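What follows is upload.cif (mmCIF, C-alpha atoms, pLDDT in the B column; chains and numbers go by the auth columns).
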```cif
data_input
#
loop_
_atom_site.group_PDB
_atom_site.id
_atom_site.type_symbol
_atom_site.label_atom_id
_atom_site.label_comp_id
_atom_site.label_asym_id
_atom_site.label_seq_id
_atom_site.Cartn_x
_atom_site.Cartn_y
_atom_site.Cartn_z
_atom_site.B_iso_or_equiv
_atom_site.auth_seq_id
_atom_site.auth_asym_id
ATOM 1 C CA MET A 1 117.515 87.637 35.440 61.00 1 A
ATOM 2 C CA ALA A 2 118.296 88.571 31.817 71.00 2 A
ATOM 3 C CA GLU A 3 116.796 85.262 30.673 75.00 3 A
ATOM 4 C CA LEU A 4 113.700 85.825 32.785 70.00 4 A
ATOM 5 C CA THR A 5 113.343 89.343 31.395 73.00 5 A
ATOM 6 C CA ARG A 6 113.695 88.117 27.829 77.00 6 A
ATOM 7 C CA ALA A 7 111.139 85.363 28.373 78.00 7 A
ATOM 8 C CA ALA A 8 108.705 87.712 30.105 76.00 8 A
ATOM 9 C CA LEU A 9 108.993 90.241 27.265 78.00 9 A
ATOM 10 C CA GLU A 10 107.815 87.586 24.835 82.00 10 A
ATOM 11 C CA ASP A 11 105.281 85.731 27.037 84.00 11 A
ATOM 12 C CA LEU A 12 103.309 88.527 28.632 89.00 12 A
ATOM 13 C CA ALA A 13 100.390 89.702 26.525 92.00 13 A
ATOM 14 C CA VAL A 14 99.247 93.304 26.340 93.00 14 A
ATOM 15 C CA GLY A 15 95.672 92.238 27.109 92.00 15 A
ATOM 16 C CA ALA A 16 96.736 90.802 30.463 91.00 16 A
ATOM 17 C CA MET A 17 98.815 93.826 31.515 92.00 17 A
ATOM 18 C CA ALA A 18 96.604 96.735 30.449 92.00 18 A
ATOM 19 C CA SER A 19 94.335 98.620 32.823 89.00 19 A
ATOM 20 C CA ARG A 20 90.764 97.640 32.024 89.00 20 A
ATOM 21 C CA ASP A 21 89.174 100.532 33.849 88.00 21 A
ATOM 22 C CA VAL A 22 89.802 103.259 31.301 93.00 22 A
ATOM 23 C CA LEU A 23 88.773 106.851 31.868 95.00 23 A
ATOM 24 C CA CYS A 24 87.077 108.150 28.737 94.00 24 A
ATOM 25 C CA VAL A 25 86.591 111.865 28.154 96.00 25 A
ATOM 26 C CA ASP A 26 84.861 113.966 25.555 96.00 26 A
ATOM 27 C CA PRO A 27 86.849 116.219 23.182 97.00 27 A
ATOM 28 C CA ALA A 28 84.673 119.121 24.342 97.00 28 A
ATOM 29 C CA HIS A 29 85.406 118.709 28.069 96.00 29 A
ATOM 30 C CA PRO A 30 87.407 121.593 29.568 97.00 30 A
ATOM 31 C CA ILE A 31 90.869 120.411 30.626 96.00 31 A
ATOM 32 C CA GLY A 32 90.193 121.532 34.222 96.00 32 A
ATOM 33 C CA ARG A 33 87.260 119.115 34.411 96.00 33 A
ATOM 34 C CA MET A 34 89.403 116.400 32.839 96.00 34 A
ATOM 35 C CA ALA A 35 92.073 117.013 35.509 96.00 35 A
ATOM 36 C CA ARG A 36 89.472 116.523 38.261 96.00 36 A
ATOM 37 C CA MET A 37 88.259 113.301 36.651 96.00 37 A
ATOM 38 C CA MET A 38 91.832 112.007 36.369 95.00 38 A
ATOM 39 C CA VAL A 39 92.595 112.764 40.018 95.00 39 A
ATOM 40 C CA GLU A 40 89.317 111.192 41.195 95.00 40 A
ATOM 41 C CA ARG A 41 90.022 108.044 39.197 93.00 41 A
ATOM 42 C CA LYS A 42 93.728 108.108 40.125 89.00 42 A
ATOM 43 C CA VAL A 43 94.905 107.950 36.510 88.00 43 A
ATOM 44 C CA GLY A 44 97.319 110.074 34.515 87.00 44 A
ATOM 45 C CA SER A 45 95.777 109.620 31.121 90.00 45 A
ATOM 46 C CA ALA A 46 92.438 109.240 29.418 94.00 46 A
ATOM 47 C CA VAL A 47 91.105 107.997 26.128 94.00 47 A
ATOM 48 C CA VAL A 48 89.276 110.644 24.124 95.00 48 A
ATOM 49 C CA LEU A 49 86.207 109.307 22.348 91.00 49 A
ATOM 50 C CA THR A 50 85.954 111.087 19.030 88.00 50 A
ATOM 51 C CA GLU A 51 83.149 111.147 16.485 86.00 51 A
ATOM 52 C CA ASP A 52 85.218 109.449 13.788 84.00 52 A
ATOM 53 C CA GLY A 53 85.656 106.434 16.074 81.00 53 A
ATOM 54 C CA ARG A 54 89.466 106.694 16.188 85.00 54 A
ATOM 55 C CA PRO A 55 90.382 107.168 19.845 90.00 55 A
ATOM 56 C CA GLY A 56 92.596 110.018 20.907 92.00 56 A
ATOM 57 C CA ILE A 57 94.603 110.159 24.089 93.00 57 A
ATOM 58 C CA ILE A 58 95.286 112.903 26.590 94.00 58 A
ATOM 59 C CA ALA A 59 97.742 112.681 29.454 90.00 59 A
ATOM 60 C CA GLU A 60 99.354 114.732 32.201 90.00 60 A
ATOM 61 C CA ARG A 61 102.025 115.785 29.730 89.00 61 A
ATOM 62 C CA ASP A 62 99.386 117.455 27.542 94.00 62 A
ATOM 63 C CA LEU A 63 98.011 119.379 30.483 94.00 63 A
ATOM 64 C CA LEU A 64 101.533 120.607 31.167 94.00 64 A
ATOM 65 C CA ARG A 65 101.760 121.851 27.562 95.00 65 A
ATOM 66 C CA ALA A 66 98.446 123.657 27.963 96.00 66 A
ATOM 67 C CA LEU A 67 99.655 125.445 31.083 95.00 67 A
ATOM 68 C CA ALA A 68 102.944 126.302 29.380 95.00 68 A
ATOM 69 C CA ASP A 69 100.888 127.987 26.644 96.00 69 A
ATOM 70 C CA GLY A 70 99.062 130.038 29.268 95.00 70 A
ATOM 71 C CA ALA A 71 95.777 128.212 28.596 95.00 71 A
ATOM 72 C CA ASP A 72 92.877 128.722 31.007 96.00 72 A
ATOM 73 C CA PRO A 73 91.883 125.269 32.360 96.00 73 A
ATOM 74 C CA THR A 74 88.251 126.313 32.707 96.00 74 A
ATOM 75 C CA SER A 75 87.783 127.221 29.052 96.00 75 A
ATOM 76 C CA THR A 76 90.354 125.173 27.115 97.00 76 A
ATOM 77 C CA MET A 77 88.965 122.016 25.546 97.00 77 A
ATOM 78 C CA VAL A 78 90.495 118.543 25.610 97.00 78 A
ATOM 79 C CA GLU A 79 90.550 118.470 21.781 96.00 79 A
ATOM 80 C CA SER A 80 93.042 121.345 21.672 97.00 80 A
ATOM 81 C CA TYR A 81 95.698 119.315 23.482 96.00 81 A
ATOM 82 C CA MET A 82 94.888 115.660 22.887 95.00 82 A
ATOM 83 C CA THR A 83 96.922 113.392 20.640 91.00 83 A
ATOM 84 C CA ALA A 84 94.497 112.534 17.867 88.00 84 A
ATOM 85 C CA SER A 85 94.607 108.990 16.515 80.00 85 A
ATOM 86 C CA ALA A 86 96.508 107.449 19.410 86.00 86 A
ATOM 87 C CA ILE A 87 98.745 104.454 18.891 88.00 87 A
ATOM 88 C CA THR A 88 96.688 101.336 19.316 91.00 88 A
ATOM 89 C CA ALA A 89 97.797 97.861 20.252 93.00 89 A
ATOM 90 C CA SER A 90 96.121 94.504 19.937 94.00 90 A
ATOM 91 C CA PRO A 91 95.544 92.574 23.198 95.00 91 A
ATOM 92 C CA ALA A 92 97.645 89.794 21.653 94.00 92 A
ATOM 93 C CA TRP A 93 100.808 91.912 21.346 94.00 93 A
ATOM 94 C CA SER A 94 103.699 90.805 23.538 93.00 94 A
ATOM 95 C CA ALA A 95 105.222 93.008 26.234 91.00 95 A
ATOM 96 C CA GLY A 96 108.333 93.314 24.083 91.00 96 A
ATOM 97 C CA GLU A 97 106.372 94.601 21.096 92.00 97 A
ATOM 98 C CA ALA A 98 104.580 97.128 23.301 93.00 98 A
ATOM 99 C CA ALA A 99 107.825 98.299 24.964 90.00 99 A
ATOM 100 C CA ARG A 100 109.648 98.693 21.657 90.00 100 A
ATOM 101 C CA CYS A 101 106.710 100.608 20.193 91.00 101 A
ATOM 102 C CA MET A 102 106.531 102.958 23.211 89.00 102 A
ATOM 103 C CA LEU A 103 110.260 103.641 23.238 87.00 103 A
ATOM 104 C CA ALA A 104 110.533 104.088 19.469 89.00 104 A
ATOM 105 C CA ARG A 105 107.627 106.526 19.315 86.00 105 A
ATOM 106 C CA ASN A 106 108.356 108.086 22.714 82.00 106 A
ATOM 107 C CA PHE A 107 104.825 107.353 23.964 82.00 107 A
ATOM 108 C CA ARG A 108 103.920 106.245 27.451 82.00 108 A
ATOM 109 C CA HIS A 109 100.524 104.814 26.625 88.00 109 A
ATOM 110 C CA LEU A 110 98.956 102.472 24.112 92.00 110 A
ATOM 111 C CA VAL A 111 95.193 102.166 23.625 93.00 111 A
ATOM 112 C CA VAL A 112 94.292 98.496 23.563 94.00 112 A
ATOM 113 C CA VAL A 113 91.706 97.869 20.883 92.00 113 A
ATOM 114 C CA GLY A 114 90.113 94.477 20.419 89.00 114 A
ATOM 115 C CA GLU A 115 88.130 93.014 17.596 85.00 115 A
ATOM 116 C CA GLN A 116 85.361 95.227 16.183 83.00 116 A
ATOM 117 C CA GLY A 117 87.387 98.244 17.319 82.00 117 A
ATOM 118 C CA ARG A 118 86.223 98.031 20.935 86.00 118 A
ATOM 119 C CA ILE A 119 88.455 99.809 23.470 90.00 119 A
ATOM 120 C CA GLU A 120 89.533 97.103 25.895 91.00 120 A
ATOM 121 C CA GLY A 121 92.084 98.935 27.980 92.00 121 A
ATOM 122 C CA LEU A 122 94.970 101.311 28.244 93.00 122 A
ATOM 123 C CA LEU A 123 98.544 100.148 28.683 93.00 123 A
ATOM 124 C CA SER A 124 100.949 102.535 30.367 88.00 124 A
ATOM 125 C CA ILE A 125 104.679 102.165 30.689 84.00 125 A
ATOM 126 C CA ARG A 126 104.024 101.681 34.418 79.00 126 A
ATOM 127 C CA ASP A 127 101.623 98.754 33.815 87.00 127 A
ATOM 128 C CA LEU A 128 104.205 97.202 31.557 87.00 128 A
ATOM 129 C CA PHE A 129 106.979 97.538 34.050 80.00 129 A
ATOM 130 C CA ALA A 130 104.872 96.324 36.984 81.00 130 A
ATOM 131 C CA ALA A 131 103.956 93.205 35.000 84.00 131 A
ATOM 132 C CA LEU A 132 107.585 92.518 34.060 80.00 132 A
ATOM 133 C CA LEU A 133 108.760 93.011 37.623 76.00 133 A
ATOM 134 C CA GLY A 134 105.987 90.778 38.932 77.00 134 A
ATOM 135 C CA ARG A 135 107.089 88.051 36.551 73.00 135 A
ATOM 136 C CA ILE A 136 110.777 88.411 37.417 66.00 136 A
ATOM 137 C CA ASP A 137 110.226 88.647 41.184 68.00 137 A
ATOM 138 C CA GLY A 138 107.797 85.739 40.993 63.00 138 A
ATOM 139 C CA GLY A 139 110.514 83.742 39.264 48.00 139 A
ATOM 140 C CA THR A 140 108.134 81.998 36.890 43.00 140 A
ATOM 141 C CA MET B 1 123.983 98.821 38.083 86.00 141 B
ATOM 142 C CA GLN B 2 124.218 102.063 40.042 90.00 142 B
ATOM 143 C CA ILE B 3 122.050 105.141 39.689 93.00 143 B
ATOM 144 C CA ALA B 4 125.030 107.196 38.453 92.00 144 B
ATOM 145 C CA GLN B 5 125.037 105.062 35.287 91.00 145 B
ATOM 146 C CA VAL B 6 121.437 105.832 34.341 91.00 146 B
ATOM 147 C CA MET B 7 120.642 109.204 35.891 93.00 147 B
ATOM 148 C CA THR B 8 120.252 112.469 34.013 91.00 148 B
ATOM 149 C CA CYS B 9 122.868 114.984 35.202 92.00 149 B
ATOM 150 C CA ASN B 10 121.506 118.129 33.613 91.00 150 B
ATOM 151 C CA VAL B 11 118.480 118.585 35.878 95.00 151 B
ATOM 152 C CA LEU B 12 115.920 121.348 35.577 96.00 152 B
ATOM 153 C CA THR B 13 115.603 123.264 38.820 97.00 153 B
ATOM 154 C CA VAL B 14 112.949 125.812 39.727 97.00 154 B
ATOM 155 C CA SER B 15 112.414 128.158 42.647 97.00 155 B
ATOM 156 C CA PRO B 16 109.625 127.469 45.152 97.00 156 B
ATOM 157 C CA ARG B 17 108.492 131.051 44.614 98.00 157 B
ATOM 158 C CA GLY B 18 108.184 130.748 40.821 97.00 158 B
ATOM 159 C CA GLU B 19 104.747 130.621 39.205 96.00 159 B
ATOM 160 C CA LEU B 20 103.243 127.295 38.144 95.00 160 B
ATOM 161 C CA ASP B 21 102.714 128.296 34.500 94.00 161 B
ATOM 162 C CA ARG B 22 106.363 129.373 34.233 95.00 162 B
ATOM 163 C CA ALA B 23 107.515 126.050 35.696 96.00 163 B
ATOM 164 C CA ALA B 24 105.286 124.274 33.139 96.00 164 B
ATOM 165 C CA GLN B 25 106.893 126.332 30.357 95.00 165 B
ATOM 166 C CA LEU B 26 110.387 125.354 31.480 96.00 166 B
ATOM 167 C CA MET B 27 109.425 121.675 31.713 95.00 167 B
ATOM 168 C CA VAL B 28 107.957 121.730 28.201 95.00 168 B
ATOM 169 C CA GLU B 29 110.952 123.627 26.757 95.00 169 B
ATOM 170 C CA ARG B 30 113.362 121.166 28.319 93.00 170 B
ATOM 171 C CA LYS B 31 111.135 118.190 27.391 89.00 171 B
ATOM 172 C CA VAL B 32 111.083 116.863 30.948 88.00 172 B
ATOM 173 C CA GLY B 33 108.263 115.708 33.186 86.00 173 B
ATOM 174 C CA SER B 34 109.638 117.038 36.430 91.00 174 B
ATOM 175 C CA ALA B 35 111.791 119.694 38.031 95.00 175 B
ATOM 176 C CA VAL B 36 113.620 119.702 41.322 97.00 176 B
ATOM 177 C CA VAL B 37 112.661 122.622 43.547 97.00 177 B
ATOM 178 C CA VAL B 38 115.772 124.203 44.996 96.00 178 B
ATOM 179 C CA ASP B 39 115.929 127.079 47.435 95.00 179 B
ATOM 180 C CA ASP B 40 119.318 128.548 48.217 91.00 180 B
ATOM 181 C CA GLY B 41 121.089 125.388 47.073 89.00 181 B
ATOM 182 C CA VAL B 42 118.879 123.128 49.197 92.00 182 B
ATOM 183 C CA ILE B 43 116.482 120.558 47.660 95.00 183 B
ATOM 184 C CA VAL B 44 113.067 121.496 49.085 95.00 184 B
ATOM 185 C CA GLY B 45 110.784 119.601 46.733 96.00 185 B
ATOM 186 C CA ILE B 46 110.037 118.080 43.384 96.00 186 B
ATOM 187 C CA ILE B 47 107.336 119.107 40.959 96.00 187 B
ATOM 188 C CA THR B 48 106.081 116.651 38.378 92.00 188 B
ATOM 189 C CA GLU B 49 103.333 116.441 35.802 90.00 189 B
ATOM 190 C CA ARG B 50 101.284 114.644 38.446 89.00 190 B
ATOM 191 C CA ASP B 51 101.546 117.626 40.806 92.00 191 B
ATOM 192 C CA VAL B 52 100.514 119.941 37.973 93.00 192 B
ATOM 193 C CA LEU B 53 97.492 117.726 37.299 93.00 193 B
ATOM 194 C CA GLN B 54 96.500 117.869 40.961 94.00 194 B
ATOM 195 C CA ALA B 55 96.910 121.645 41.083 95.00 195 B
ATOM 196 C CA VAL B 56 94.620 122.093 38.089 95.00 196 B
ATOM 197 C CA ALA B 57 92.138 119.598 39.559 95.00 197 B
ATOM 198 C CA ARG B 58 92.065 121.709 42.728 94.00 198 B
ATOM 199 C CA GLY B 59 91.092 124.677 40.609 94.00 199 B
ATOM 200 C CA LEU B 60 94.300 126.608 41.256 94.00 200 B
ATOM 201 C CA VAL B 61 94.935 129.371 38.713 93.00 201 B
ATOM 202 C CA PRO B 62 98.318 128.561 37.113 93.00 202 B
ATOM 203 C CA TRP B 63 99.543 132.144 36.899 94.00 203 B
ATOM 204 C CA HIS B 64 98.527 132.902 40.495 95.00 204 B
ATOM 205 C CA THR B 65 99.994 129.748 42.000 96.00 205 B
ATOM 206 C CA GLN B 66 103.516 129.365 43.347 97.00 206 B
ATOM 207 C CA VAL B 67 105.478 126.162 42.834 97.00 207 B
ATOM 208 C CA SER B 68 105.655 125.721 46.631 97.00 208 B
ATOM 209 C CA GLU B 69 101.842 125.383 46.752 96.00 209 B
ATOM 210 C CA CYS B 70 101.752 122.330 44.516 94.00 210 B
ATOM 211 C CA MET B 71 105.164 120.634 44.776 96.00 211 B
ATOM 212 C CA THR B 72 105.867 117.457 46.705 93.00 212 B
ATOM 213 C CA ALA B 73 107.901 118.760 49.643 94.00 213 B
ATOM 214 C CA GLU B 74 110.876 116.903 51.102 91.00 214 B
ATOM 215 C CA PRO B 75 111.053 114.229 48.399 92.00 215 B
ATOM 216 C CA PHE B 76 112.787 110.876 48.738 93.00 216 B
ATOM 217 C CA VAL B 77 116.352 111.288 47.514 95.00 217 B
ATOM 218 C CA VAL B 78 118.820 108.614 46.374 95.00 218 B
ATOM 219 C CA GLY B 79 122.599 108.735 46.011 95.00 219 B
ATOM 220 C CA PRO B 80 124.658 108.157 42.843 95.00 220 B
ATOM 221 C CA GLU B 81 125.845 104.864 44.297 95.00 221 B
ATOM 222 C CA THR B 82 122.369 103.564 45.148 94.00 222 B
ATOM 223 C CA PRO B 83 121.755 100.316 43.232 93.00 223 B
ATOM 224 C CA ALA B 84 119.283 100.784 40.364 91.00 224 B
ATOM 225 C CA ASP B 85 117.048 97.950 41.585 88.00 225 B
ATOM 226 C CA GLU B 86 116.745 99.614 44.996 92.00 226 B
ATOM 227 C CA ALA B 87 115.652 102.900 43.381 92.00 227 B
ATOM 228 C CA LEU B 88 113.225 101.009 41.190 89.00 228 B
ATOM 229 C CA ALA B 89 111.714 99.194 44.191 89.00 229 B
ATOM 230 C CA LEU B 90 111.298 102.575 45.933 91.00 230 B
ATOM 231 C CA MET B 91 109.551 103.993 42.871 89.00 231 B
ATOM 232 C CA MET B 92 107.203 101.042 42.498 84.00 232 B
ATOM 233 C CA THR B 93 106.234 100.835 46.187 88.00 233 B
ATOM 234 C CA LYS B 94 105.826 104.576 46.725 88.00 234 B
ATOM 235 C CA GLY B 95 104.371 105.358 43.305 82.00 235 B
ATOM 236 C CA PHE B 96 107.105 107.828 42.276 86.00 236 B
ATOM 237 C CA ARG B 97 108.294 108.218 38.726 85.00 237 B
ATOM 238 C CA HIS B 98 111.245 110.472 39.554 91.00 238 B
ATOM 239 C CA LEU B 99 113.865 110.628 42.284 94.00 239 B
ATOM 240 C CA PRO B 100 116.418 113.405 42.784 95.00 240 B
ATOM 241 C CA VAL B 101 119.995 112.171 43.153 96.00 241 B
ATOM 242 C CA ALA B 102 122.079 114.014 45.738 95.00 242 B
ATOM 243 C CA GLU B 103 125.619 113.747 47.013 93.00 243 B
ATOM 244 C CA ASP B 104 126.600 115.524 50.226 89.00 244 B
ATOM 245 C CA GLY B 105 123.261 117.342 50.147 83.00 245 B
ATOM 246 C CA ARG B 106 123.972 118.728 46.671 89.00 246 B
ATOM 247 C CA LEU B 107 121.779 117.886 43.671 95.00 247 B
ATOM 248 C CA VAL B 108 123.782 115.885 41.127 95.00 248 B
ATOM 249 C CA GLY B 109 121.082 114.275 39.016 95.00 249 B
ATOM 250 C CA LEU B 110 117.611 112.903 38.564 95.00 250 B
ATOM 251 C CA VAL B 111 116.538 109.373 37.788 93.00 251 B
ATOM 252 C CA SER B 112 113.211 108.570 36.171 89.00 252 B
ATOM 253 C CA LEU B 113 111.255 105.373 35.763 84.00 253 B
ATOM 254 C CA ARG B 114 111.819 105.864 32.047 77.00 254 B
ATOM 255 C CA ASP B 115 115.621 105.866 32.528 83.00 255 B
ATOM 256 C CA LEU B 116 115.350 102.546 34.326 82.00 256 B
ATOM 257 C CA VAL B 117 112.857 101.085 31.853 73.00 257 B
ATOM 258 C CA SER B 118 115.018 102.002 28.833 72.00 258 B
ATOM 259 C CA GLN B 119 117.904 100.139 30.416 70.00 259 B
ATOM 260 C CA GLY B 120 115.784 97.124 31.304 59.00 260 B
ATOM 261 C CA ALA B 121 113.932 96.925 28.011 42.00 261 B
ATOM 262 C CA LYS B 122 117.019 96.798 25.820 42.00 262 B
ATOM 263 C CA PRO B 123 117.245 93.355 24.247 33.00 263 B
#
```

Have the structure of the file written as structure tokens, please.
Amino acid sequence: MAELTRAALEDLAVGAMASRDVLCVDPAHPIGRMARMMVERKVGSAVVLTEDGRPGIIAERDLLRALADGADPTSTMVESYMTASAITASPAWSAGEAARCMLARNFRHLVVVGEQGRIEGLLSIRDLFAALLGRIDGGT
Amino acid sequence: MQIAQVMTCNVLTVSPRGELDRAAQLMVERKVGSAVVVDDGVIVGIITERDVLQAVARGLVPWHTQVSECMTAEPFVVGPETPADEALALMMTKGFRHLPVAEDGRLVGLVSLRDLVSQGAKP
């Protein structure tokens, strides 16, 4: 099992594990609207498309912070609680690189950016773990 | 590996009658993504970031909403001696990221997907 895990951490590529169907939101969306979009799409995070072209990220955790601050979901904007300049990963990164990066920086998501800066997906800690488990259970 | 080896023992608990914004404050202060809802020593629910997201999506006003209105009631519970892979399988099939750990009906810990991942991802 340890050998399989080690092999899978090196073999699996970020591009193959990431969710391709990424919810993108605007920095000026109210967080209440963003919450509805997340629930409809069954996701816990979204990429924020900013004018400078460097994607931000906003997740359930950020909504929690907003509520803790007493923010009104109908009037508080995504940009007030997003993480600007999210950590990006290349689709060619290995699962191990992605896992180490997430754990070291204490992030649960990586924005997958391909050539020409195109957003190709979003990799969550859950995607990563599901892929590793699939590989180990599959025994390949 | 058993759950007792990876669980967090110092678990945040909240009352079902507390307000949602106060529960959010406590979760942020304690840097956790969930709290176990305990009423009179009995585990009655769990509230996670996901539940908070759903409450906001439903248009509930955080300071006028009680934890009981948005928690997941009667959550799946594991024991300290449950094997880690069993808990992990439960999480992956049911879509949970957190499981309360109880012994003789008493809350003794909480195990998160992150706890299990950190163990598994160590080289």

For region 29-138 of chain A against region 170-182 of chain B, with a cut-off of 10 Å and counting only C-alpha atoms, what is the closest atom pair and its distance in Å to one decimal for every residue that makes the cut, ordered by chain and number, as a Markdown table?
```
| residue | atom | partner | partner_atom | distance |
| --- | --- | --- | --- | --- |
| A:Glu60 | CA | B:Gly173 | CA | 9.0 |
| A:Arg61 | CA | B:Gly173 | CA | 7.1 |
| A:Leu64 | CA | B:Gly173 | CA | 8.6 |
```

- prompt: Which residues come within 10 Å of Val146 (chain B), counting all atoms listed in the file, excluding same-chain residues fewer than 3 positions away, as a PyMOL selection string?
  reply: chain B and resi 141-143+149+220+224+249-252+254-256+258-259

- prompt: Quick one: residues within 12 Å of Glu51 (chain A), all atoms listed in the file counted, chain neighbours fewer than 4 positions away excluded, as number ranges by chain?
  reply: A: 26-28, 55-56, 79, 84-85

Take the PyMOL selection byres ((chain B) within 12 of (chain A)), run it mentally on this structure, and tell me the resulting residues as a compact mmCIF listing (two decimals) with C-alpha atoms, in the frame of the given file.
```
# COMPACT_ATOMS: atom_id res chain seq x y z
CA GLU B 159 104.75 130.62 39.20
CA LEU B 160 103.24 127.30 38.14
CA ASP B 161 102.71 128.30 34.50
CA ARG B 162 106.36 129.37 34.23
CA ALA B 163 107.52 126.05 35.70
CA ALA B 164 105.29 124.27 33.14
CA GLN B 165 106.89 126.33 30.36
CA LEU B 166 110.39 125.35 31.48
CA MET B 167 109.42 121.68 31.71
CA VAL B 168 107.96 121.73 28.20
CA GLU B 169 110.95 123.63 26.76
CA ARG B 170 113.36 121.17 28.32
CA LYS B 171 111.14 118.19 27.39
CA VAL B 172 111.08 116.86 30.95
CA GLY B 173 108.26 115.71 33.19
CA SER B 174 109.64 117.04 36.43
CA ILE B 187 107.34 119.11 40.96
CA THR B 188 106.08 116.65 38.38
CA GLU B 189 103.33 116.44 35.80
CA ARG B 190 101.28 114.64 38.45
CA ASP B 191 101.55 117.63 40.81
CA VAL B 192 100.51 119.94 37.97
CA LEU B 193 97.49 117.73 37.30
CA GLN B 194 96.50 117.87 40.96
CA ALA B 195 96.91 121.64 41.08
CA VAL B 196 94.62 122.09 38.09
CA ALA B 197 92.14 119.60 39.56
CA ARG B 198 92.06 121.71 42.73
CA GLY B 199 91.09 124.68 40.61
CA LEU B 200 94.30 126.61 41.26
CA VAL B 201 94.94 129.37 38.71
CA PRO B 202 98.32 128.56 37.11
CA TRP B 203 99.54 132.14 36.90
CA HIS B 204 98.53 132.90 40.49
CA THR B 205 99.99 129.75 42.00
CA ASP B 225 117.05 97.95 41.58
CA LEU B 228 113.22 101.01 41.19
CA ALA B 229 111.71 99.19 44.19
CA MET B 231 109.55 103.99 42.87
CA MET B 232 107.20 101.04 42.50
CA THR B 233 106.23 100.84 46.19
CA GLY B 235 104.37 105.36 43.30
CA PHE B 236 107.10 107.83 42.28
CA ARG B 237 108.29 108.22 38.73
CA SER B 252 113.21 108.57 36.17
CA LEU B 253 111.26 105.37 35.76
CA ARG B 254 111.82 105.86 32.05
CA ASP B 255 115.62 105.87 32.53
CA LEU B 256 115.35 102.55 34.33
CA VAL B 257 112.86 101.08 31.85
CA SER B 258 115.02 102.00 28.83
CA GLN B 259 117.90 100.14 30.42
CA GLY B 260 115.78 97.12 31.30
CA ALA B 261 113.93 96.92 28.01
CA LYS B 262 117.02 96.80 25.82
CA PRO B 263 117.24 93.36 24.25
```

- prompt: To one decimal place, how far is CA of Glu10 (chain A) from CA of Cys101 (chain A) in Å?
  reply: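 One can read the CA of Glu10 (chain A) to CA of Cys101 (chain A) distance as 13.9 Å.
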
- line: Between CA of Leu110 (chain A) and CA of Ala46 (chain A) lies a distance of 10.8 Å

- prompt: Near Ala86 (chain A), within 10 Å and counting all atoms listed in the file, which residues show up once chain neighbours fewer than 4 positions away are dropped, as a list of chain:residue names?
  reply: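 Skipping anything fewer than 4 positions along the chain leaves A:Val47, A:Val48, A:Arg54, A:Pro55, A:Gly56, A:Ile57, A:Ile58, A:Met82, A:Phe107, A:His109, A:Leu110, A:Val111.
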
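The space separating CA of Leu49 (chain A) from CA of Asp127 (chain A) comes to 21.9 Å.
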
Enclose all atoms of region 107-114 of chain A listed in the file in an axis-aligned box, grow every side by 5 Å, and hand back centre and edge lengths in Å to one decimal, as lines of an AutoDock Vina configuration file.
```
center_x = 97.5
center_y = 100.9
center_z = 23.9
size_x = 24.7
size_y = 22.9
size_z = 17.0
```

Spatial neighbours of Glu243 (chain B), 10 Å, all atoms listed in the file, chain gap at least 5 places, as a ChimeraX atom specification: /B:217-221,248-249

Resolved residues for the PyMOL selection byres ((chain A and resi 18-21) around 8) as a list of chain:residue names: A:Val14, A:Gly15, A:Ala16, A:Met17, A:Val22, A:Leu23, A:Val112, A:Glu120, A:Gly121, A:Leu122, A:Leu123, A:Ser124, A:Asp127, A:Leu128

Taking the block above, write region 156-163 of chain B with N, CA, C and O atoms as an mmCIF file, in the first residue's frame.
```
data_model
loop_
_atom_site.group_PDB
_atom_site.id
_atom_site.type_symbol
_atom_site.label_atom_id
_atom_site.label_comp_id
_atom_site.auth_asym_id
_atom_site.auth_seq_id
_atom_site.Cartn_x
_atom_site.Cartn_y
_atom_site.Cartn_z
ATOM 1 N N PRO B 156 -27.357 24.106 20.029
ATOM 2 C CA PRO B 156 -28.297 24.194 18.897
ATOM 3 C C PRO B 156 -29.078 25.514 18.895
ATOM 4 O O PRO B 156 -29.611 25.922 17.863
ATOM 5 N N ARG B 157 -29.129 26.154 20.052
ATOM 6 C CA ARG B 157 -29.890 27.403 20.148
ATOM 7 C C ARG B 157 -29.031 28.657 19.936
ATOM 8 O O ARG B 157 -29.524 29.766 19.996
ATOM 9 N N GLY B 158 -27.727 28.453 19.692
ATOM 10 C CA GLY B 158 -26.857 29.601 19.417
ATOM 11 C C GLY B 158 -27.138 30.166 18.038
ATOM 12 O O GLY B 158 -27.696 29.482 17.181
ATOM 13 N N GLU B 159 -26.736 31.427 17.824
ATOM 14 C CA GLU B 159 -26.944 32.038 16.503
ATOM 15 C C GLU B 159 -25.840 31.612 15.528
ATOM 16 O O GLU B 159 -24.698 31.369 15.927
ATOM 17 N N LEU B 160 -26.210 31.585 14.246
ATOM 18 C CA LEU B 160 -25.284 31.148 13.201
ATOM 19 C C LEU B 160 -24.041 32.036 13.116
ATOM 20 O O LEU B 160 -22.927 31.537 12.958
ATOM 21 N N ASP B 161 -24.204 33.354 13.236
ATOM 22 C CA ASP B 161 -23.025 34.222 13.103
ATOM 23 C C ASP B 161 -22.058 34.013 14.270
ATOM 24 O O ASP B 161 -20.845 34.079 14.111
ATOM 25 N N ARG B 162 -22.605 33.705 15.446
ATOM 26 C CA ARG B 162 -21.757 33.441 16.614
ATOM 27 C C ARG B 162 -20.992 32.123 16.422
ATOM 28 O O ARG B 162 -19.800 32.035 16.741
ATOM 29 N N ALA B 163 -21.676 31.123 15.880
ATOM 30 C CA ALA B 163 -21.007 29.844 15.609
ATOM 31 C C ALA B 163 -19.882 30.059 14.592
ATOM 32 O O ALA B 163 -18.783 29.511 14.743
#
```
